[in-house]
$ cat data11.txt   # compact mmCIF, C-alpha atoms
# COMPACT_ATOMS: atom_id res chain seq x y z
CA MET P 174 -36.46 -12.80 11.55
CA GLN P 175 -34.77 -10.28 9.32
CA PRO P 176 -36.18 -6.76 9.52
CA LEU P 177 -38.19 -5.73 6.48
CA SER P 178 -35.98 -2.70 6.00
CA GLU P 179 -33.08 -4.98 4.94
CA PRO P 180 -31.64 -3.77 1.62
CA PRO P 181 -32.48 -6.05 -1.34
CA ALA P 182 -30.03 -8.88 -2.05
CA GLY P 183 -27.44 -7.70 -4.52
CA ALA P 184 -27.34 -4.11 -3.38
CA GLN P 185 -25.04 -5.17 -0.56
CA ALA P 186 -23.19 -7.98 -2.37
CA GLU P 187 -22.54 -5.66 -5.32
CA ARG P 188 -19.28 -4.29 -3.92
CA HIS P 189 -17.47 -6.48 -1.46
CA VAL P 190 -14.55 -4.35 -0.36
CA VAL P 191 -11.96 -6.52 1.40
CA PRO P 192 -9.96 -4.69 4.09
CA TRP P 193 -6.40 -3.98 2.89
CA THR P 194 -5.01 -5.95 5.84
CA VAL P 195 -6.28 -9.12 4.14
CA TYR P 196 -4.04 -8.37 1.16
CA ALA P 197 -1.07 -7.76 3.46
CA LEU P 198 -1.67 -11.12 5.19
CA ILE P 199 -1.95 -12.94 1.85
CA PHE P 200 1.31 -11.29 0.75
CA LEU P 201 3.01 -12.51 3.93
CA ALA P 202 1.65 -16.02 3.40
CA LEU P 203 2.93 -15.99 -0.20
CA CYS P 204 6.40 -14.91 1.01
CA LEU P 205 6.45 -17.68 3.64
CA LEU P 206 5.37 -20.28 1.06
CA THR P 207 8.11 -19.06 -1.31
CA ALA P 208 10.66 -19.51 1.50
CA THR P 209 9.17 -22.97 2.20
CA THR P 210 9.51 -24.14 -1.38
CA VAL P 211 13.15 -22.93 -1.57
CA ILE P 212 14.13 -24.58 1.75
CA VAL P 213 12.31 -27.81 0.90
CA ALA P 214 14.20 -27.96 -2.43
CA HIS P 215 17.42 -28.60 -0.44
CA PHE P 216 16.11 -32.01 0.59
CA ASP P 217 15.69 -34.94 -1.74
CA PHE P 218 12.34 -36.70 -1.36
CA GLY P 219 13.02 -38.90 -4.39
CA PRO P 220 9.94 -39.22 -6.58
CA TYR P 221 7.99 -36.85 -4.31
CA ASN P 222 10.16 -33.80 -5.10
CA LEU P 223 7.88 -32.65 -7.90
CA ILE P 224 4.72 -33.32 -5.88
CA VAL P 225 5.99 -31.24 -2.94
CA ALA P 226 7.07 -28.37 -5.23
CA LEU P 227 3.76 -28.40 -7.11
CA GLY P 228 1.78 -28.66 -3.85
CA VAL P 229 3.32 -25.43 -2.54
CA ALA P 230 2.84 -23.73 -5.94
CA ILE P 231 -0.84 -24.78 -6.03
CA ALA P 232 -1.33 -23.41 -2.49
CA LYS P 233 0.23 -20.08 -3.56
CA ALA P 234 -1.81 -19.90 -6.77
CA SER P 235 -5.01 -20.66 -4.81
CA LEU P 236 -4.35 -17.74 -2.44
CA VAL P 237 -3.78 -15.39 -5.41
CA VAL P 238 -6.94 -16.59 -7.22
CA LEU P 239 -9.20 -16.54 -4.15
CA TYR P 240 -8.09 -13.25 -2.58
CA PHE P 241 -6.05 -11.09 -4.98
CA MET P 242 -8.33 -12.00 -7.90
CA HIS P 243 -11.47 -11.91 -5.70
CA ALA P 244 -12.69 -15.32 -6.89
CA ARG P 245 -14.02 -15.93 -3.37
CA TYR P 246 -16.34 -12.94 -3.67
CA SER P 247 -17.25 -13.41 -7.34
CA PRO P 248 -20.43 -14.83 -8.89
CA ARG P 249 -20.65 -18.62 -9.13
CA LEU P 250 -20.24 -18.43 -12.90
CA THR P 251 -16.66 -17.20 -12.38
CA GLY P 252 -15.96 -20.37 -10.42
CA VAL P 253 -17.33 -22.44 -13.32
CA VAL P 254 -14.90 -20.74 -15.74
CA ILE P 255 -11.98 -21.30 -13.35
CA ALA P 256 -12.91 -24.97 -12.87
CA ALA P 257 -13.23 -25.45 -16.64
CA ALA P 258 -9.82 -23.83 -17.22
CA ILE P 259 -8.18 -26.14 -14.67
CA ALA P 260 -9.97 -29.21 -16.05
CA PHE P 261 -8.85 -28.57 -19.63
CA PHE P 262 -5.31 -27.71 -18.48
CA VAL P 263 -5.11 -31.07 -16.66
CA ILE P 264 -6.46 -32.90 -19.73
CA LEU P 265 -3.89 -31.17 -21.96
CA VAL P 266 -0.86 -31.80 -19.74
CA PHE P 267 -1.69 -35.04 -17.93
CA LEU P 268 -3.27 -37.03 -20.77
CA THR P 269 -0.50 -36.00 -23.20
CA TRP P 270 2.06 -37.06 -20.61
CA THR P 271 0.39 -40.45 -19.98
CA ASP P 272 0.38 -41.09 -23.73
CA TYR P 273 4.16 -40.62 -23.91
CA TYR P 274 4.70 -42.44 -20.62
CA SER P 275 2.84 -45.55 -21.84
CA ARG P 276 4.95 -45.90 -25.00
CA PRO P 277 8.60 -46.90 -25.49
CA TRP P 278 9.86 -43.33 -25.67
CA PRO P 279 12.41 -41.79 -25.84
CA LEU P 280 13.93 -44.50 -28.01
CA THR P 281 17.53 -43.38 -27.39
CA THR P 282 17.44 -43.77 -23.59
CA GLY P 283 19.51 -46.55 -22.11
CA MET G 209 -47.03 11.96 -22.08
CA SER G 210 -46.25 8.34 -21.23
CA GLU G 211 -42.49 9.00 -21.60
CA ALA G 212 -42.65 11.66 -18.93
CA VAL G 213 -44.36 9.22 -16.58
CA VAL G 214 -41.64 6.59 -17.15
CA ALA G 215 -38.85 9.10 -16.57
CA SER G 216 -40.31 10.46 -13.36
CA SER G 217 -41.15 7.02 -11.95
CA ALA G 218 -37.54 5.79 -12.25
CA PRO G 219 -35.98 5.51 -8.77
CA ALA G 220 -32.91 7.64 -8.14
CA GLN G 221 -30.42 4.75 -7.97
CA THR G 222 -31.31 3.38 -11.44
CA ARG G 223 -30.50 6.69 -13.18
CA HIS G 224 -27.79 6.24 -15.77
CA HIS G 225 -24.21 6.39 -14.58
CA ALA G 226 -21.92 8.07 -17.13
CA ALA G 227 -19.90 4.85 -17.55
CA LEU G 228 -22.99 2.60 -18.03
CA GLN G 229 -23.29 1.25 -21.58
CA HIS G 230 -26.87 1.28 -22.91
CA HIS G 231 -27.02 -2.50 -23.42
CA PHE G 232 -26.57 -3.25 -19.71
CA VAL G 233 -29.27 -3.01 -17.06
CA ASP G 234 -26.98 -1.55 -14.39
CA LEU G 235 -23.32 -1.12 -13.45
CA GLN G 236 -23.21 -4.39 -11.55
CA GLN G 237 -24.35 -6.38 -14.58
CA GLN G 238 -21.82 -4.51 -16.72
CA GLN G 239 -19.01 -5.22 -14.24
CA GLU G 240 -19.93 -8.92 -14.03
CA ALA G 241 -19.98 -9.23 -17.83
CA ALA G 242 -16.53 -7.62 -18.09
CA SER G 243 -15.19 -9.80 -15.28
CA LEU G 244 -16.55 -12.99 -16.88
CA GLY G 245 -15.02 -12.05 -20.22
CA MET G 246 -11.66 -11.45 -18.55
CA TRP G 247 -11.82 -14.82 -16.80
CA VAL G 248 -12.59 -16.56 -20.11
CA PHE G 249 -9.56 -14.78 -21.61
CA ILE G 250 -7.44 -15.99 -18.67
CA ALA G 251 -8.76 -19.56 -19.16
CA GLN G 252 -7.56 -19.35 -22.76
CA GLU G 253 -4.19 -18.00 -21.58
CA ILE G 254 -3.81 -20.95 -19.18
CA LEU G 255 -4.20 -23.34 -22.12
CA PHE G 256 -1.83 -21.17 -24.21
CA PHE G 257 0.87 -21.75 -21.58
CA GLY G 258 -0.44 -25.32 -21.18
CA GLY G 259 1.32 -26.52 -24.33
CA LEU G 260 4.67 -25.48 -22.84
CA PHE G 261 3.82 -27.09 -19.50
CA ALA G 262 2.90 -30.33 -21.35
CA ALA G 263 6.25 -30.29 -23.19
CA TYR G 264 8.00 -29.67 -19.86
CA ALA G 265 6.18 -32.60 -18.16
CA ILE G 266 7.05 -35.03 -20.96
CA TYR G 267 10.72 -34.03 -21.30
CA ARG G 268 11.36 -33.81 -17.56
CA HIS G 269 10.00 -37.33 -17.20
CA ALA G 270 12.18 -38.54 -20.10
CA TYR G 271 15.40 -36.77 -19.02
CA PRO G 272 15.33 -36.24 -15.23
CA GLU G 273 19.16 -36.03 -14.86
CA ALA G 274 19.59 -33.42 -17.57
CA PHE G 275 16.79 -31.31 -16.08
CA ALA G 276 18.42 -31.46 -12.64
CA LEU G 277 21.81 -30.45 -14.13
CA GLY G 278 20.28 -27.57 -16.09
CA SER G 279 18.25 -26.39 -13.11
CA HIS G 280 21.29 -26.41 -10.80
CA HIS G 281 22.99 -23.96 -13.12
CA LEU G 282 20.22 -21.36 -12.63
CA ASN G 283 20.82 -18.94 -9.76
CA ARG G 284 18.35 -19.83 -6.98
CA THR G 285 19.06 -16.71 -4.94
CA ILE G 286 18.28 -14.41 -7.88
CA GLY G 287 15.23 -16.52 -8.77
CA THR G 288 13.90 -16.36 -5.20
CA ALA G 289 14.47 -12.60 -4.95
CA ASN G 290 12.70 -12.06 -8.28
CA THR G 291 9.78 -14.23 -7.12
CA LEU G 292 9.36 -12.00 -4.06
CA VAL G 293 9.54 -8.88 -6.29
CA LEU G 294 6.76 -10.24 -8.51
CA ILE G 295 4.59 -11.25 -5.53
CA GLY G 296 5.16 -7.72 -4.21
CA SER G 297 3.91 -6.31 -7.51
CA SER G 298 0.78 -8.45 -7.13
CA LEU G 299 0.28 -6.93 -3.66
CA THR G 300 0.57 -3.36 -4.97
CA MET G 301 -1.85 -4.25 -7.79
CA ALA G 302 -4.38 -5.65 -5.28
CA LEU G 303 -3.96 -2.45 -3.25
CA ALA G 304 -4.53 -0.34 -6.39
CA VAL G 305 -7.86 -2.11 -6.95
CA HIS G 306 -8.67 -1.59 -3.25
CA ALA G 307 -7.84 2.13 -3.59
CA ALA G 308 -10.19 2.32 -6.59
CA ALA G 309 -12.97 0.57 -4.65
CA THR G 310 -12.57 3.07 -1.80
CA GLY G 311 -12.30 6.09 -4.11
CA ARG G 312 -8.71 7.21 -3.36
CA ARG G 313 -7.52 8.62 -6.68
CA GLN G 314 -3.88 9.33 -5.78
CA ALA G 315 -3.50 5.95 -4.10
CA ILE G 316 -4.68 4.20 -7.30
CA VAL G 317 -2.01 6.00 -9.34
CA GLY G 318 0.67 5.42 -6.69
CA PHE G 319 0.00 1.70 -6.37
CA LEU G 320 -0.21 1.22 -10.14
CA LEU G 321 3.14 2.99 -10.61
CA ALA G 322 4.64 0.86 -7.81
CA THR G 323 3.40 -2.23 -9.68
CA VAL G 324 5.08 -1.03 -12.88
CA LEU G 325 8.29 -0.28 -10.95
CA LEU G 326 8.40 -3.77 -9.40
CA GLY G 327 7.55 -5.33 -12.77
CA GLY G 328 10.44 -3.33 -14.27
CA VAL G 329 12.82 -4.61 -11.58
CA PHE G 330 11.75 -8.18 -12.37
CA LEU G 331 12.35 -7.70 -16.11
CA GLY G 332 15.70 -5.98 -15.43
CA VAL G 333 16.90 -8.94 -13.36
CA LYS G 334 15.62 -11.29 -16.09
CA TYR G 335 17.64 -9.29 -18.65
CA PHE G 336 20.88 -9.87 -16.72
CA GLU G 337 20.03 -13.55 -16.27
CA TYR G 338 19.50 -13.90 -20.02
CA ALA G 339 22.61 -11.86 -20.92
CA GLU G 340 24.82 -14.10 -18.77
CA LYS G 341 23.66 -17.14 -20.75
CA ILE G 342 23.57 -15.54 -24.21
CA ALA G 343 26.76 -13.41 -24.22
CA PRO G 344 29.22 -16.39 -24.42
CA CYS G 345 27.39 -17.67 -27.52
CA LEU G 346 28.30 -14.59 -29.57
CA GLY G 347 31.53 -14.01 -31.47
CA ASP G 348 33.97 -16.41 -33.13
CA GLN G 349 36.00 -17.37 -30.06
CA GLU G 350 35.35 -20.30 -27.75
CA HIS G 351 31.78 -20.46 -26.54
CA ALA G 352 32.51 -21.53 -22.96
CA GLY G 353 29.42 -20.99 -20.80
CA CYS G 354 27.00 -20.61 -23.71
CA LEU G 355 23.58 -21.89 -22.62
CA VAL G 356 21.51 -21.07 -25.69
CA PRO G 357 20.46 -24.35 -27.36
CA GLY G 358 22.12 -24.82 -30.72
CA ALA G 359 25.54 -25.25 -32.32
CA ASN G 360 27.34 -23.09 -29.71
CA PHE G 361 25.77 -24.71 -26.62
CA ASP G 362 28.45 -25.61 -24.05
CA PRO G 363 27.45 -28.87 -22.27
CA HIS G 364 30.47 -28.60 -19.91
CA ALA G 365 28.96 -25.46 -18.38
CA VAL G 366 26.23 -27.65 -16.85
CA HIS G 367 28.58 -30.65 -16.31
CA ALA G 368 26.56 -32.68 -18.81
CA GLU G 369 28.53 -35.16 -20.88
CA GLY G 370 27.40 -37.02 -23.97
CA ALA G 371 23.66 -37.50 -24.40
CA ALA G 372 22.96 -35.50 -21.23
CA GLY G 373 24.47 -32.47 -23.00
CA GLN G 374 21.93 -32.82 -25.80
CA GLN G 375 19.14 -33.30 -23.29
CA ALA G 376 20.19 -30.26 -21.26
CA GLN G 377 19.60 -28.19 -24.38
CA ILE G 378 15.93 -29.20 -24.21
CA PHE G 379 15.81 -27.92 -20.62
CA PHE G 380 17.22 -24.56 -21.73
CA SER G 381 14.87 -24.44 -24.73
CA LEU G 382 11.98 -24.75 -22.30
CA TYR G 383 13.64 -22.28 -19.89
CA PHE G 384 13.92 -19.59 -22.57
CA GLY G 385 10.52 -20.43 -24.09
CA MET G 386 8.55 -20.40 -20.82
CA THR G 387 10.28 -17.45 -19.11
CA GLY G 388 10.31 -15.59 -22.45
CA LEU G 389 6.56 -15.98 -22.97
CA HIS G 390 6.02 -14.96 -19.33
CA ALA G 391 8.23 -11.88 -19.75
CA LEU G 392 6.37 -10.99 -22.96
CA HIS G 393 3.12 -10.96 -20.99
CA MET G 394 4.68 -8.52 -18.51
CA ILE G 395 5.98 -6.31 -21.35
CA VAL G 396 2.44 -6.20 -22.75
CA GLY G 397 0.95 -5.54 -19.30
CA ILE G 398 3.13 -2.58 -18.30
CA PRO G 399 1.87 -0.08 -20.95
CA ILE G 400 -1.72 -1.16 -20.18
CA ILE G 401 -1.17 -0.45 -16.46
CA LEU G 402 0.37 2.95 -17.33
CA THR G 403 -2.65 3.80 -19.52
CA ILE G 404 -5.04 2.93 -16.70
CA ALA G 405 -2.90 4.91 -14.23
CA ALA G 406 -3.31 7.92 -16.55
CA MET G 407 -7.10 7.34 -16.64
CA ALA G 408 -7.12 7.15 -12.84
CA TRP G 409 -5.12 10.38 -12.61
CA ARG G 410 -7.79 12.12 -14.74
CA GLY G 411 -10.42 10.96 -12.24
CA ARG G 412 -12.15 8.45 -14.51
CA PHE G 413 -12.79 5.91 -11.73
CA THR G 414 -15.14 5.90 -8.75
CA PRO G 415 -16.06 3.29 -6.13
CA GLU G 416 -19.12 2.53 -8.34
CA TYR G 417 -17.13 2.23 -11.56
CA HIS G 418 -13.49 1.13 -11.72
CA THR G 419 -13.80 -1.99 -13.89
CA PRO G 420 -10.62 -1.28 -15.97
CA VAL G 421 -8.51 -1.24 -12.78
CA GLU G 422 -10.04 -4.57 -11.72
CA MET G 423 -9.50 -6.13 -15.16
CA VAL G 424 -5.83 -5.16 -15.47
CA GLY G 425 -5.47 -6.47 -11.91
CA LEU G 426 -6.84 -9.88 -12.96
CA TYR G 427 -4.36 -9.95 -15.86
CA TRP G 428 -1.38 -9.03 -13.67
CA HIS G 429 -2.27 -11.61 -11.00
CA PHE G 430 -2.56 -14.26 -13.73
CA VAL G 431 0.97 -13.42 -14.90
CA ASP G 432 2.09 -13.74 -11.27
CA ILE G 433 0.49 -17.21 -11.03
CA ILE G 434 2.37 -18.40 -14.14
CA TRP G 435 5.64 -17.39 -12.45
CA ILE G 436 4.59 -19.12 -9.20
CA PHE G 437 4.67 -22.38 -11.21
CA LEU G 438 7.69 -21.57 -13.40
CA PHE G 439 9.93 -20.79 -10.42
CA PRO G 440 9.94 -24.27 -8.77
CA LEU G 441 9.76 -26.08 -12.13
CA LEU G 442 12.82 -24.31 -13.57
CA TYR G 443 14.94 -23.15 -10.60
CA LEU G 444 14.25 -25.79 -7.94
CA VAL G 445 14.64 -29.21 -9.59
CA THR G 446 16.08 -31.41 -6.83
CA GLY G 447 18.05 -34.63 -7.08
CA GLN G 448 20.08 -36.25 -9.81
$ encode --input "data11.txt" --output "structure tokens"
Amino acid sequence: MQPLSEPPAGAQAERHVVPWTVYALIFLALCLLTATTVIVAHFDFGPYNLIVALGVAIAKASLVVLYFMHARYSPRLTGVVIAAAIAFFVILVFLTWTDYYSRPWPLTTG
Amino acid sequence: MSEAVVASSAPAQTRHHAALQHHFVDLQQQQEAASLGMWVFIAQEILFFGGLFAAYAIYRHAYPEAFALGSHHLNRTIGTANTLVLIGSSLTMALAVHAAATGRRQAIVGFLLATVLLGGVFLGVKYFEYAEKIAPCLGDQEHAGCLVPGANFDPHAVHAEGAAGQQAQIFFSLYFGMTGLHALHMIVGIPIILTIAAMAWRGRFTPEYHTPVEMVGLYWHFVDIIWIFLFPLLYLVTGQ
């Protein structure tokens, strides 16, 4: 049972101050992931090169969004906007790409 | 009579903060509205860059060899160092917001100025990277080493013969377009950070109200994220 003297919800969640050490750890993780992506680029994984590079970049971007940009401690509506932005970005890039990929283009290749 | 009753019955914590606009219930609602608006702006910015990323995806798929040749000509060491500088500027920006949330006025100003300094280092390095590629294109002499797409482009500089030379120009078009738009965002961001640093110096922010510091932080981190994707896509294309 929670004591009745508990402050109302919202009063506490209003300002979630993350300790500065969290930012330092995220910075270290971002540096390590940058080193990873540079080292990994020396090896040729064939068609998976781009997937590996983008995987590391997505991991880095997620850390920045969740911690530096406080998305983890933000209202749910913020998450909806972020999800919508990603969804429309994927539609723009991926569906445009599949359209070109599924046609005989570029015509001069060969 | 009734007005006096309303005024006296208001609890202490709902009294108006100087920064609270009259159309918001309280500072938290005001902060959440500002934050949501900033995120919607960032969503729009993602799609603004999205057109360039779509062009990159299509042309890299069409001309993988030319993209690898063009990418190999970019300096990975400089690119890596600049990536770390920009991530460092994101750290100082996060610490500036933290200083604002904990009410340390001088720390806000210090961290914001450190962010501007690191951003300036990044742009300075970018200037030298650009100059190295643009300088050979100028003048009437031979244009050996010119990497600006167009009549003076030197395909031998990237060891691209024939059609690959034409295709490498597309890589450098995207290189200048994407890094240029990214740099433009930093050039816009720096005076905004300096303005907010001046506001912080005048004591405009408190742990209860420091929304402008948070909003410029969101913008700067977004610019950092764009670079996090540009770096591997432009500097680290592996294979032939």
$ closest_atom_pairs --input "data11.txt" --of "chain G" --to "chain P" --cutoff "6 Å" --atoms "all atoms listed in the file" --output "CSV"
residue,atom,partner,partner_atom,distance
G:Ala251,CA,P:Ala258,CA,4.8
G:Leu255,CA,P:Phe262,CA,5.8
G:Ala262,CA,P:Val266,CA,4.3
G:Ile266,CA,P:Trp270,CA,5.4
G:Ala302,CA,P:Phe241,CA,5.7
G:Leu426,CA,P:Met242,CA,5.7
G:Ile433,CA,P:Ala234,CA,5.5
G:Ile436,CA,P:Ala230,CA,5.9
G:Phe437,CA,P:Ala230,CA,5.7
G:Leu444,CA,P:Ala214,CA,5.9
G:Thr446,CA,P:Ala214,CA,5.9
G:Gly447,CA,P:Asp217,CA,5.8
$ residues_around --input "data11.txt" --residues "Leu442 (chain G)" --least-positions-apart "2" --cutoff "10 Å" --atoms "all atoms listed in the file" --output "list in words"
Tyr264, Phe275, Ala276, Gly278, Ser279, His280, Leu282, Arg284, Gly287, Phe379, Phe380, Leu382, Tyr383, Met386, Thr387, Phe437, Leu438, Phe439, Pro440, Leu444 and Val445 of chain G
$ write_last_selection --input "data11.txt" --atoms "C-alpha atoms" --output "compact mmCIF listing (two decimals), in the frame of the given file"
# COMPACT_ATOMS: atom_id res chain seq x y z
CA TYR G 264 8.00 -29.67 -19.86
CA PHE G 275 16.79 -31.31 -16.08
CA ALA G 276 18.42 -31.46 -12.64
CA GLY G 278 20.28 -27.57 -16.09
CA SER G 279 18.25 -26.39 -13.11
CA HIS G 280 21.29 -26.41 -10.80
CA LEU G 282 20.22 -21.36 -12.63
CA ARG G 284 18.35 -19.83 -6.98
CA GLY G 287 15.23 -16.52 -8.77
CA PHE G 379 15.81 -27.92 -20.62
CA PHE G 380 17.22 -24.56 -21.73
CA LEU G 382 11.98 -24.75 -22.30
CA TYR G 383 13.64 -22.28 -19.89
CA MET G 386 8.55 -20.40 -20.82
CA THR G 387 10.28 -17.45 -19.11
CA PHE G 437 4.67 -22.38 -11.21
CA LEU G 438 7.69 -21.57 -13.40
CA PHE G 439 9.93 -20.79 -10.42
CA PRO G 440 9.94 -24.27 -8.77
CA LEU G 444 14.25 -25.79 -7.94
CA VAL G 445 14.64 -29.21 -9.59
$ atom_distance --input "data11.txt" --atom1 "CA of Val195 (chain P)" --atom2 "CA of Ile295 (chain G)"
14.7 Å
$ closest_residue --input "data11.txt" --among "G:Ala376, G:Phe319, G:His224, G:Gly353" --to "Leu402 (chain G)" --atoms "only C-alpha atoms"
G:Phe319
$ residues_near_point --input "data11.txt" --point "(-12.7, 2.5, -12.4)" --cutoff "12 Å" --atoms "all atoms listed in the file" --output "PDB file with C-alpha atoms, in the frame of the given file"
ATOM      1  CA  ALA G 226     -21.920   8.070 -17.130  1.00  0.00           C
ATOM      2  CA  ALA G 227     -19.900   4.850 -17.550  1.00  0.00           C
ATOM      3  CA  LEU G 228     -22.990   2.600 -18.030  1.00  0.00           C
ATOM      4  CA  LEU G 235     -23.320  -1.120 -13.450  1.00  0.00           C
ATOM      5  CA  GLN G 239     -19.010  -5.220 -14.240  1.00  0.00           C
ATOM      6  CA  ALA G 304      -4.530  -0.340  -6.390  1.00  0.00           C
ATOM      7  CA  VAL G 305      -7.860  -2.110  -6.950  1.00  0.00           C
ATOM      8  CA  HIS G 306      -8.670  -1.590  -3.250  1.00  0.00           C
ATOM      9  CA  ALA G 307      -7.840   2.130  -3.590  1.00  0.00           C
ATOM     10  CA  ALA G 308     -10.190   2.320  -6.590  1.00  0.00           C
ATOM     11  CA  ALA G 309     -12.970   0.570  -4.650  1.00  0.00           C
ATOM     12  CA  THR G 310     -12.570   3.070  -1.800  1.00  0.00           C
ATOM     13  CA  GLY G 311     -12.300   6.090  -4.110  1.00  0.00           C
ATOM     14  CA  ARG G 312      -8.710   7.210  -3.360  1.00  0.00           C
ATOM     15  CA  ARG G 313      -7.520   8.620  -6.680  1.00  0.00           C
ATOM     16  CA  ILE G 316      -4.680   4.200  -7.300  1.00  0.00           C
ATOM     17  CA  VAL G 317      -2.010   6.000  -9.340  1.00  0.00           C
ATOM     18  CA  ILE G 404      -5.040   2.930 -16.700  1.00  0.00           C
ATOM     19  CA  ALA G 405      -2.900   4.910 -14.230  1.00  0.00           C
ATOM     20  CA  ALA G 406      -3.310   7.920 -16.550  1.00  0.00           C
ATOM     21  CA  MET G 407      -7.100   7.340 -16.640  1.00  0.00           C
ATOM     22  CA  ALA G 408      -7.120   7.150 -12.840  1.00  0.00           C
ATOM     23  CA  TRP G 409      -5.120  10.380 -12.610  1.00  0.00           C
ATOM     24  CA  ARG G 410      -7.790  12.120 -14.740  1.00  0.00           C
ATOM     25  CA  GLY G 411     -10.420  10.960 -12.240  1.00  0.00           C
ATOM     26  CA  ARG G 412     -12.150   8.450 -14.510  1.00  0.00           C
ATOM     27  CA  PHE G 413     -12.790   5.910 -11.730  1.00  0.00           C
ATOM     28  CA  THR G 414     -15.140   5.900  -8.750  1.00  0.00           C
ATOM     29  CA  PRO G 415     -16.060   3.290  -6.130  1.00  0.00           C
ATOM     30  CA  GLU G 416     -19.120   2.530  -8.340  1.00  0.00           C
ATOM     31  CA  TYR G 417     -17.130   2.230 -11.560  1.00  0.00           C
ATOM     32  CA  HIS G 418     -13.490   1.130 -11.720  1.00  0.00           C
ATOM     33  CA  THR G 419     -13.800  -1.990 -13.890  1.00  0.00           C
ATOM     34  CA  PRO G 420     -10.620  -1.280 -15.970  1.00  0.00           C
ATOM     35  CA  VAL G 421      -8.510  -1.240 -12.780  1.00  0.00           C
ATOM     36  CA  GLU G 422     -10.040  -4.570 -11.720  1.00  0.00           C
ATOM     37  CA  MET G 423      -9.500  -6.130 -15.160  1.00  0.00           C
ATOM     38  CA  VAL G 424      -5.830  -5.160 -15.470  1.00  0.00           C
ATOM     39  CA  GLY G 425      -5.470  -6.470 -11.910  1.00  0.00           C
TER      40      GLY G 425
END
$ closest_residue --input "data11.txt" --among "G:Ala289, G:Ser297, G:Tyr427, G:Ala365" --to "His351 (chain G)" --atoms "only C-alpha atoms"
G:Ala365
$ atom_distance --input "data11.txt" --atom1 "CA of Lys341 (chain G)" --atom2 "CA of Cys354 (chain G)"
5.7 Å
$ residues_around --input "data11.txt" --residues "Gly397 (chain G)" --least-positions-apart "2" --cutoff "8 Å" --atoms "all atoms listed in the file" --output "ChimeraX atom specification"
/G:393-395,399-401,424,427-428
$ atom_distance --input "data11.txt" --atom1 "CA of Leu441 (chain G)" --atom2 "CA of Phe361 (chain G)"
21.6 Å
$ axis_aligned_box --input "data11.txt" --around "region 413-419 of chain G" --padding-each-side "5 Å" --output "lines of an AutoDock Vina configuration file"
center_x = -16.0
center_y = 2.0
center_z = -10.0
size_x = 16.3
size_y = 17.9
size_z = 17.8
$ closest_residue --input "data11.txt" --among "G:Leu303, G:Ala371, G:Ala274, G:Ile398" --to "Val324 (chain G)" --atoms "all atoms listed in the file"
G:Ile398
